[in-house]
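Enquirer: One file is attached below, entry05.pdb, containing PDB, C-alpha atoms, pLDDT in the B column.
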```pdb
ATOM      1  CA  MET A1453      31.019  58.065  45.354  1.00 77.00           C
ATOM      2  CA  GLU A1454      27.530  57.476  43.996  1.00 83.00           C
ATOM      3  CA  THR A1455      27.246  53.721  43.468  1.00 87.00           C
ATOM      4  CA  ILE A1456      28.960  50.487  44.448  1.00 91.00           C
ATOM      5  CA  GLY A1457      28.970  47.535  42.058  1.00 91.00           C
ATOM      6  CA  SER A1458      30.513  44.081  42.110  1.00 94.00           C
ATOM      7  CA  PHE A1459      30.577  40.630  40.618  1.00 96.00           C
ATOM      8  CA  ALA A1460      28.266  38.143  42.308  1.00 96.00           C
ATOM      9  CA  ARG A1461      26.909  34.622  42.163  1.00 97.00           C
ATOM     10  CA  VAL A1462      23.229  33.739  42.264  1.00 98.00           C
ATOM     11  CA  THR A1463      23.916  32.010  45.587  1.00 97.00           C
ATOM     12  CA  ASP A1464      25.302  35.244  47.085  1.00 97.00           C
ATOM     13  CA  ILE A1465      21.856  36.828  46.943  1.00 97.00           C
ATOM     14  CA  THR A1466      20.370  34.067  49.091  1.00 97.00           C
ATOM     15  CA  LEU A1467      22.614  35.198  51.966  1.00 97.00           C
ATOM     16  CA  LYS A1468      20.723  38.509  52.261  1.00 97.00           C
ATOM     17  CA  THR A1469      17.212  39.144  53.526  1.00 98.00           C
ATOM     18  CA  ASP A1470      14.886  41.388  51.549  1.00 98.00           C
ATOM     19  CA  GLU A1471      15.443  44.085  54.174  1.00 98.00           C
ATOM     20  CA  GLU A1472      19.223  43.793  53.811  1.00 98.00           C
ATOM     21  CA  LEU A1473      18.989  44.066  50.021  1.00 97.00           C
ATOM     22  CA  SER A1474      16.862  47.211  50.348  1.00 97.00           C
ATOM     23  CA  ALA A1475      19.345  48.682  52.843  1.00 97.00           C
ATOM     24  CA  LEU A1476      22.225  47.960  50.477  1.00 95.00           C
ATOM     25  CA  ARG A1477      20.387  49.731  47.670  1.00 96.00           C
ATOM     26  CA  ARG A1478      19.761  52.776  49.855  1.00 94.00           C
ATOM     27  CA  ALA A1479      23.478  52.817  50.657  1.00 93.00           C
ATOM     28  CA  GLY A1480      24.273  53.001  46.931  1.00 93.00           C
ATOM     29  CA  TYR A1481      24.886  49.339  46.210  1.00 93.00           C
ATOM     30  CA  ASP A1482      23.786  49.073  42.591  1.00 93.00           C
ATOM     31  CA  GLY A1483      25.110  47.270  39.537  1.00 92.00           C
ATOM     32  CA  LEU A1484      25.816  43.578  40.096  1.00 96.00           C
ATOM     33  CA  THR A1485      27.376  41.445  37.376  1.00 97.00           C
ATOM     34  CA  ILE A1486      26.117  37.887  37.747  1.00 98.00           C
ATOM     35  CA  GLY A1487      27.447  34.927  35.816  1.00 97.00           C
ATOM     36  CA  ILE A1488      24.265  32.918  35.500  1.00 98.00           C
ATOM     37  CA  GLU A1489      25.935  30.931  32.655  1.00 98.00           C
ATOM     38  CA  THR A1490      22.650  29.306  31.570  1.00 98.00           C
ATOM     39  CA  ALA A1491      19.167  28.409  32.767  1.00 98.00           C
ATOM     40  CA  ASP A1492      19.578  24.833  31.494  1.00 98.00           C
ATOM     41  CA  ASP A1493      19.112  22.809  34.693  1.00 98.00           C
ATOM     42  CA  GLU A1494      20.849  19.719  33.312  1.00 98.00           C
ATOM     43  CA  ALA A1495      23.948  21.766  32.489  1.00 98.00           C
ATOM     44  CA  LEU A1496      23.861  23.594  35.824  1.00 98.00           C
ATOM     45  CA  ARG A1497      23.745  20.277  37.666  1.00 98.00           C
ATOM     46  CA  PHE A1498      26.540  18.734  35.604  1.00 98.00           C
ATOM     47  CA  MET A1499      28.773  21.783  36.104  1.00 97.00           C
ATOM     48  CA  ASN A1500      28.075  21.832  39.865  1.00 96.00           C
ATOM     49  CA  LYS A1501      27.014  25.475  39.810  1.00 97.00           C
ATOM     50  CA  GLY A1502      25.018  25.212  43.030  1.00 97.00           C
ATOM     51  CA  TYR A1503      21.778  26.704  41.715  1.00 98.00           C
ATOM     52  CA  LEU A1504      19.069  26.012  39.132  1.00 98.00           C
ATOM     53  CA  ALA A1505      16.906  28.120  36.830  1.00 98.00           C
ATOM     54  CA  ALA A1506      14.264  28.551  39.533  1.00 98.00           C
ATOM     55  CA  ASP A1507      16.924  30.065  41.800  1.00 98.00           C
ATOM     56  CA  ILE A1508      17.912  32.573  39.110  1.00 98.00           C
ATOM     57  CA  LEU A1509      14.280  33.626  38.852  1.00 98.00           C
ATOM     58  CA  ASP A1510      13.713  33.830  42.588  1.00 98.00           C
ATOM     59  CA  GLN A1511      16.926  35.569  43.607  1.00 98.00           C
ATOM     60  CA  CYS A1512      17.164  38.040  40.738  1.00 98.00           C
ATOM     61  CA  GLY A1513      13.475  38.778  41.199  1.00 98.00           C
ATOM     62  CA  ARG A1514      14.424  39.850  44.722  1.00 98.00           C
ATOM     63  CA  LEU A1515      17.031  42.207  43.246  1.00 98.00           C
ATOM     64  CA  ASP A1516      14.312  43.683  41.033  1.00 98.00           C
ATOM     65  CA  GLN A1517      12.136  44.263  44.086  1.00 98.00           C
ATOM     66  CA  ALA A1518      15.022  45.926  45.945  1.00 98.00           C
ATOM     67  CA  GLY A1519      15.796  48.166  42.964  1.00 97.00           C
ATOM     68  CA  ILE A1520      19.324  46.801  42.532  1.00 97.00           C
ATOM     69  CA  ARG A1521      20.330  46.772  38.882  1.00 97.00           C
ATOM     70  CA  TYR A1522      22.209  43.767  37.537  1.00 98.00           C
ATOM     71  CA  SER A1523      23.750  42.313  34.395  1.00 98.00           C
ATOM     72  CA  PHE A1524      23.992  38.680  33.326  1.00 98.00           C
ATOM     73  CA  PHE A1525      26.814  36.745  31.735  1.00 98.00           C
ATOM     74  CA  TYR A1526      25.775  33.800  29.577  1.00 98.00           C
ATOM     75  CA  LEU A1527      28.262  31.046  28.691  1.00 98.00           C
ATOM     76  CA  SER A1528      27.742  29.661  25.198  1.00 98.00           C
ATOM     77  CA  GLY A1529      28.752  26.015  25.035  1.00 98.00           C
ATOM     78  CA  ILE A1530      27.944  25.065  28.628  1.00 98.00           C
ATOM     79  CA  SER A1531      25.073  22.756  27.644  1.00 98.00           C
ATOM     80  CA  GLY A1532      27.304  20.543  25.495  1.00 98.00           C
ATOM     81  CA  ALA A1533      27.086  19.243  21.948  1.00 98.00           C
ATOM     82  CA  GLY A1534      23.591  19.032  20.502  1.00 97.00           C
ATOM     83  CA  ARG A1535      21.979  20.913  23.397  1.00 98.00           C
ATOM     84  CA  GLY A1536      23.184  24.502  23.045  1.00 98.00           C
ATOM     85  CA  GLU A1537      20.237  26.033  21.257  1.00 98.00           C
ATOM     86  CA  ASP A1538      17.782  24.431  23.690  1.00 98.00           C
ATOM     87  CA  GLY A1539      19.829  25.811  26.581  1.00 98.00           C
ATOM     88  CA  ALA A1540      19.750  29.258  25.005  1.00 98.00           C
ATOM     89  CA  ARG A1541      15.977  29.148  24.585  1.00 98.00           C
ATOM     90  CA  VAL A1542      15.292  28.229  28.208  1.00 98.00           C
ATOM     91  CA  THR A1543      17.722  30.931  29.304  1.00 98.00           C
ATOM     92  CA  ALA A1544      15.919  33.522  27.181  1.00 98.00           C
ATOM     93  CA  ALA A1545      12.634  32.437  28.776  1.00 98.00           C
ATOM     94  CA  VAL A1546      14.053  33.023  32.258  1.00 98.00           C
ATOM     95  CA  CYS A1547      15.625  36.364  31.298  1.00 98.00           C
ATOM     96  CA  ASN A1548      12.287  37.490  29.842  1.00 98.00           C
ATOM     97  CA  LYS A1549      10.796  37.307  33.350  1.00 98.00           C
ATOM     98  CA  LEU A1550      13.521  39.489  34.852  1.00 98.00           C
ATOM     99  CA  HIS A1551      15.092  42.903  34.266  1.00 98.00           C
ATOM    100  CA  PRO A1552      18.823  42.614  33.519  1.00 98.00           C
ATOM    101  CA  VAL A1553      20.233  45.870  32.163  1.00 98.00           C
ATOM    102  CA  LEU A1554      22.741  43.902  30.076  1.00 98.00           C
ATOM    103  CA  ILE A1555      23.177  40.320  28.917  1.00 98.00           C
ATOM    104  CA  GLY A1556      26.719  39.484  27.901  1.00 98.00           C
ATOM    105  CA  ALA A1557      27.705  36.332  26.038  1.00 98.00           C
ATOM    106  CA  ASN A1558      31.021  34.551  26.446  1.00 97.00           C
ATOM    107  CA  MET A1559      32.247  31.389  24.736  1.00 97.00           C
ATOM    108  CA  LEU A1560      33.273  28.303  26.703  1.00 97.00           C
ATOM    109  CA  THR A1561      37.007  27.693  26.322  1.00 96.00           C
ATOM    110  CA  ILE A1562      38.294  24.402  27.718  1.00 96.00           C
ATOM    111  CA  TYR A1563      41.863  23.957  28.924  1.00 94.00           C
ATOM    112  CA  PRO A1564      43.704  20.619  29.431  1.00 93.00           C
ATOM    113  CA  ASP A1565      44.133  21.197  33.172  1.00 93.00           C
ATOM    114  CA  SER A1566      40.388  21.689  33.760  1.00 95.00           C
ATOM    115  CA  GLU A1567      38.024  19.236  35.388  1.00 95.00           C
ATOM    116  CA  LEU A1568      35.748  19.508  32.351  1.00 96.00           C
ATOM    117  CA  TYR A1569      38.580  18.368  30.063  1.00 95.00           C
ATOM    118  CA  GLY A1570      38.816  15.230  32.207  1.00 96.00           C
ATOM    119  CA  GLU A1571      35.066  14.650  31.803  1.00 97.00           C
ATOM    120  CA  ILE A1572      35.476  14.912  28.014  1.00 97.00           C
ATOM    121  CA  ARG A1573      38.326  12.384  28.020  1.00 96.00           C
ATOM    122  CA  GLN A1574      36.213   9.980  30.071  1.00 97.00           C
ATOM    123  CA  GLY A1575      33.377  10.290  27.551  1.00 97.00           C
ATOM    124  CA  ASN A1576      30.991  11.966  30.005  1.00 97.00           C
ATOM    125  CA  TRP A1577      30.538  15.206  28.060  1.00 97.00           C
ATOM    126  CA  LYS A1578      31.067  16.441  24.506  1.00 98.00           C
ATOM    127  CA  GLU A1579      32.026  19.975  23.507  1.00 97.00           C
ATOM    128  CA  GLU A1580      29.911  21.938  21.050  1.00 97.00           C
ATOM    129  CA  SER A1581      31.470  22.917  17.756  1.00 97.00           C
ATOM    130  CA  GLU A1582      32.378  26.598  17.430  1.00 97.00           C
ATOM    131  CA  THR A1583      29.634  27.076  14.850  1.00 98.00           C
ATOM    132  CA  GLU A1584      27.126  25.523  17.242  1.00 98.00           C
ATOM    133  CA  LYS A1585      28.194  27.997  19.925  1.00 98.00           C
ATOM    134  CA  TYR A1586      27.295  30.846  17.564  1.00 98.00           C
ATOM    135  CA  ARG A1587      23.970  29.208  16.701  1.00 98.00           C
ATOM    136  CA  GLU A1588      23.380  29.075  20.436  1.00 98.00           C
ATOM    137  CA  VAL A1589      24.059  32.810  20.843  1.00 98.00           C
ATOM    138  CA  ARG A1590      21.722  33.443  17.925  1.00 98.00           C
ATOM    139  CA  ALA A1591      18.958  31.442  19.622  1.00 98.00           C
ATOM    140  CA  LEU A1592      19.467  33.466  22.789  1.00 98.00           C
ATOM    141  CA  VAL A1593      19.206  36.806  20.989  1.00 98.00           C
ATOM    142  CA  GLU A1594      16.191  35.616  19.004  1.00 98.00           C
ATOM    143  CA  GLY A1595      14.402  34.493  22.162  1.00 98.00           C
ATOM    144  CA  LEU A1596      14.945  37.650  24.196  1.00 98.00           C
ATOM    145  CA  GLU A1597      11.834  39.834  24.381  1.00 98.00           C
ATOM    146  CA  ILE A1598      12.862  42.313  27.080  1.00 98.00           C
ATOM    147  CA  PRO A1599      14.494  45.717  26.640  1.00 98.00           C
ATOM    148  CA  THR A1600      18.165  45.200  27.477  1.00 98.00           C
ATOM    149  CA  GLU A1601      21.639  45.689  26.103  1.00 98.00           C
ATOM    150  CA  PHE A1602      23.241  42.634  24.509  1.00 98.00           C
ATOM    151  CA  ALA A1603      26.980  42.301  24.116  1.00 98.00           C
ATOM    152  CA  ALA A1604      29.725  39.787  23.362  1.00 97.00           C
ATOM    153  CA  PHE A1605      33.135  41.185  24.249  1.00 94.00           C
ATOM    154  CA  GLY A1606      36.330  39.753  25.665  1.00 91.00           C
ATOM    155  CA  ALA A1607      38.966  37.244  24.628  1.00 94.00           C
ATOM    156  CA  SER A1608      36.606  34.262  24.508  1.00 96.00           C
ATOM    157  CA  ASN A1609      34.683  35.805  21.588  1.00 96.00           C
ATOM    158  CA  ALA A1610      36.239  35.637  18.123  1.00 96.00           C
ATOM    159  CA  PHE A1611      33.804  38.354  17.017  1.00 97.00           C
ATOM    160  CA  TRP A1612      32.527  41.180  19.185  1.00 96.00           C
ATOM    161  CA  LEU A1613      28.971  42.414  18.962  1.00 95.00           C
ATOM    162  CA  ASN A1614      26.853  44.934  20.813  1.00 98.00           C
ATOM    163  CA  GLY A1615      23.331  46.274  20.503  1.00 98.00           C
ATOM    164  CA  VAL A1616      20.207  47.340  22.334  1.00 98.00           C
ATOM    165  CA  LEU A1617      17.171  45.081  22.264  1.00 98.00           C
ATOM    166  CA  PRO A1618      14.647  45.095  20.761  1.00 97.00           C
ATOM    167  CA  LYS A1619      15.833  47.920  18.488  1.00 98.00           C
ATOM    168  CA  ASP A1620      18.973  46.164  17.212  1.00 98.00           C
ATOM    169  CA  LYS A1621      17.724  42.560  17.185  1.00 98.00           C
ATOM    170  CA  LYS A1622      17.622  42.249  13.375  1.00 98.00           C
ATOM    171  CA  LYS A1623      21.123  43.707  13.098  1.00 98.00           C
ATOM    172  CA  LEU A1624      22.516  41.310  15.718  1.00 98.00           C
ATOM    173  CA  LEU A1625      20.832  38.288  14.139  1.00 98.00           C
ATOM    174  CA  ALA A1626      22.135  39.245  10.696  1.00 98.00           C
ATOM    175  CA  PHE A1627      25.669  39.576  12.057  1.00 98.00           C
ATOM    176  CA  LEU A1628      25.442  36.160  13.723  1.00 98.00           C
ATOM    177  CA  ASP A1629      23.973  34.606  10.563  1.00 98.00           C
ATOM    178  CA  ASP A1630      26.944  35.929   8.611  1.00 98.00           C
ATOM    179  CA  ILE A1631      29.393  34.326  11.055  1.00 98.00           C
ATOM    180  CA  ILE A1632      27.532  31.003  11.003  1.00 97.00           C
ATOM    181  CA  LYS A1633      27.277  30.857   7.207  1.00 97.00           C
ATOM    182  CA  ASN A1634      30.541  32.389   6.077  1.00 97.00           C
ATOM    183  CA  VAL A1635      33.337  32.103   8.639  1.00 97.00           C
ATOM    184  CA  GLY A1636      33.604  28.331   8.884  1.00 95.00           C
ATOM    185  CA  GLU A1637      34.328  25.896  11.688  1.00 97.00           C
ATOM    186  CA  ASP A1638      38.058  25.632  10.945  1.00 97.00           C
ATOM    187  CA  LYS A1639      38.706  29.349  11.335  1.00 97.00           C
ATOM    188  CA  LEU A1640      36.591  29.570  14.480  1.00 97.00           C
ATOM    189  CA  ARG A1641      38.348  26.537  15.982  1.00 96.00           C
ATOM    190  CA  ARG A1642      41.765  28.037  15.222  1.00 96.00           C
ATOM    191  CA  TYR A1643      40.715  31.122  17.141  1.00 96.00           C
ATOM    192  CA  ARG A1644      39.527  29.030  20.118  1.00 96.00           C
ATOM    193  CA  GLU A1645      42.826  27.160  20.218  1.00 93.00           C
ATOM    194  CA  SER A1646      44.735  30.453  20.129  1.00 95.00           C
ATOM    195  CA  VAL A1647      43.121  31.692  23.365  1.00 93.00           C
ATOM    196  CA  ARG A1648      45.857  30.938  25.880  1.00 85.00           C
ATOM    197  CA  HIS A1649      44.112  32.479  28.872  1.00 81.00           C
ATOM    198  CA  LEU A1650      40.956  34.417  29.713  1.00 75.00           C
TER     199      LEU A1650
END
```
What would you get if you wrote out this structure as structure tokens?
Expert:
Amino acid sequence: METIGSFARVTDITLKTDEELSALRRAGYDGLTIGIETADDEALRFMNKGYLAADILDQCGRLDQAGIRYSFFYLSGISGAGRGEDGARVTAAVCNKLHPVLIGANMLTIYPDSELYGEIRQGNWKEESETEKYREVRALVEGLEIPTEFAAFGASNAFWLNGVLPKDKKKLLAFLDDIIKNVGEDKLRRYRESVRHL
């Protein structure tokens, strides 16, 4: 065995001292996958994530110092209707100060038994359109200035994409532009409604 990896939350890192993180790295602990979701503080508060953008910066900066590699998952749609692209831009700004080896995008899929569905029914939150979610991913890719892999795989994504930044940025943006301009909201919504589980 050469390395140990795992999924983690931003708040998990706070439980370790800098010395403990360094000891874990020496033991082979390397390769965390962290669902940061977004760096949009308003969305993080509303979704009760338990951390804010400043915490992402601080805690993942500690991983950088310890030499522990990590990947991020971003959740397109978490900021809500009319706010997605702004959320993507602030997330790109945070990522640009860190060193994730991969940034993966997933699409928010809301089920009737979820707490968020109840918030929608009460008028407290409004879901982004599917096209807006892709505009959001485009804004994220456009804003990223660090060398990293970018990917969108998994059942939540109607279209999969993968590339290495900055080399493949134009290719990724062109692919996203094609989806936004030519696929259409109805087809994207049908796909979202067909996702029975994640």
Enquirer: Please measure the separation of atom CA of A:Ile1598 and atom CA of A:Lys1622, giving the value in Å to one decimal.
Expert: 14.5 Å
Enquirer: With a distance cut-off of 6 Å and only C-alpha atoms, select the neighbouring residues of stretch 1615-1617 of chain A, excluding the residue or stretch itself and same-chain residues fewer than 4 positions from it, and output the selection as a PDB file with C-alpha atoms, in the frame of the given file.
Expert:
```
ATOM      1  CA  PRO A1599      14.494  45.717  26.640  1.00 98.00           C
ATOM      2  CA  THR A1600      18.165  45.200  27.477  1.00 98.00           C
ATOM      3  CA  GLU A1601      21.639  45.689  26.103  1.00 98.00           C
ATOM      4  CA  PHE A1602      23.241  42.634  24.509  1.00 98.00           C
ATOM      5  CA  LYS A1621      17.724  42.560  17.185  1.00 98.00           C
TER       6      LYS A1621
END
```
Enquirer: Give me, as a PDB file with C-alpha atoms, keeping the file's coordinate frame, all polymer residues having an atom no more than 7 Å from stretch 1480-1489 of chain A, counting only C-alpha atoms and skipping those fewer than 2 positions away in the same chain.
Expert:
```
ATOM      1  CA  GLU A1454      27.530  57.476  43.996  1.00 83.00           C
ATOM      2  CA  THR A1455      27.246  53.721  43.468  1.00 87.00           C
ATOM      3  CA  ILE A1456      28.960  50.487  44.448  1.00 91.00           C
ATOM      4  CA  GLY A1457      28.970  47.535  42.058  1.00 91.00           C
ATOM      5  CA  SER A1458      30.513  44.081  42.110  1.00 94.00           C
ATOM      6  CA  PHE A1459      30.577  40.630  40.618  1.00 96.00           C
ATOM      7  CA  ALA A1460      28.266  38.143  42.308  1.00 96.00           C
ATOM      8  CA  ARG A1461      26.909  34.622  42.163  1.00 97.00           C
ATOM      9  CA  VAL A1462      23.229  33.739  42.264  1.00 98.00           C
ATOM     10  CA  LEU A1476      22.225  47.960  50.477  1.00 95.00           C
ATOM     11  CA  ARG A1477      20.387  49.731  47.670  1.00 96.00           C
ATOM     12  CA  ARG A1478      19.761  52.776  49.855  1.00 94.00           C
ATOM     13  CA  ILE A1520      19.324  46.801  42.532  1.00 97.00           C
ATOM     14  CA  ARG A1521      20.330  46.772  38.882  1.00 97.00           C
ATOM     15  CA  TYR A1522      22.209  43.767  37.537  1.00 98.00           C
ATOM     16  CA  SER A1523      23.750  42.313  34.395  1.00 98.00           C
ATOM     17  CA  PHE A1524      23.992  38.680  33.326  1.00 98.00           C
ATOM     18  CA  PHE A1525      26.814  36.745  31.735  1.00 98.00           C
ATOM     19  CA  TYR A1526      25.775  33.800  29.577  1.00 98.00           C
ATOM     20  CA  LEU A1527      28.262  31.046  28.691  1.00 98.00           C
TER      21      LEU A1527
END
```
Enquirer: Please write the residues picked by the PyMOL selection byres ((chain A and resi 1634-1648) around 10) on this file as a PyMOL selection string.
Expert: chain A and resi 1559-1563+1581-1584+1586+1607-1611+1628-1633+1649-1650
Enquirer: How far is it from atom CA of A:Asp1492 to atom CA of A:Leu1504, in Å with one decimal?
Expert: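 Computing the Euclidean distance for atom CA of A:Asp1492 and atom CA of A:Leu1504 yields 7.7 Å.
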Enquirer: For A:Met1499, which of A:Ala1540, A:Cys1547, A:Leu1568, A:Ala1479 is the closest residue, counting all atoms listed in the file?
Expert: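 The answer is A:Leu1568, which sits nearest to A:Met1499.
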Enquirer: Could you please determine the separation between atom CA of A:Glu1571 and atom CA of A:Gly1534 in Å, to one decimal place?
Expert: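 For atom CA of A:Glu1571 relative to atom CA of A:Gly1534, the distance reads 16.7 Å.
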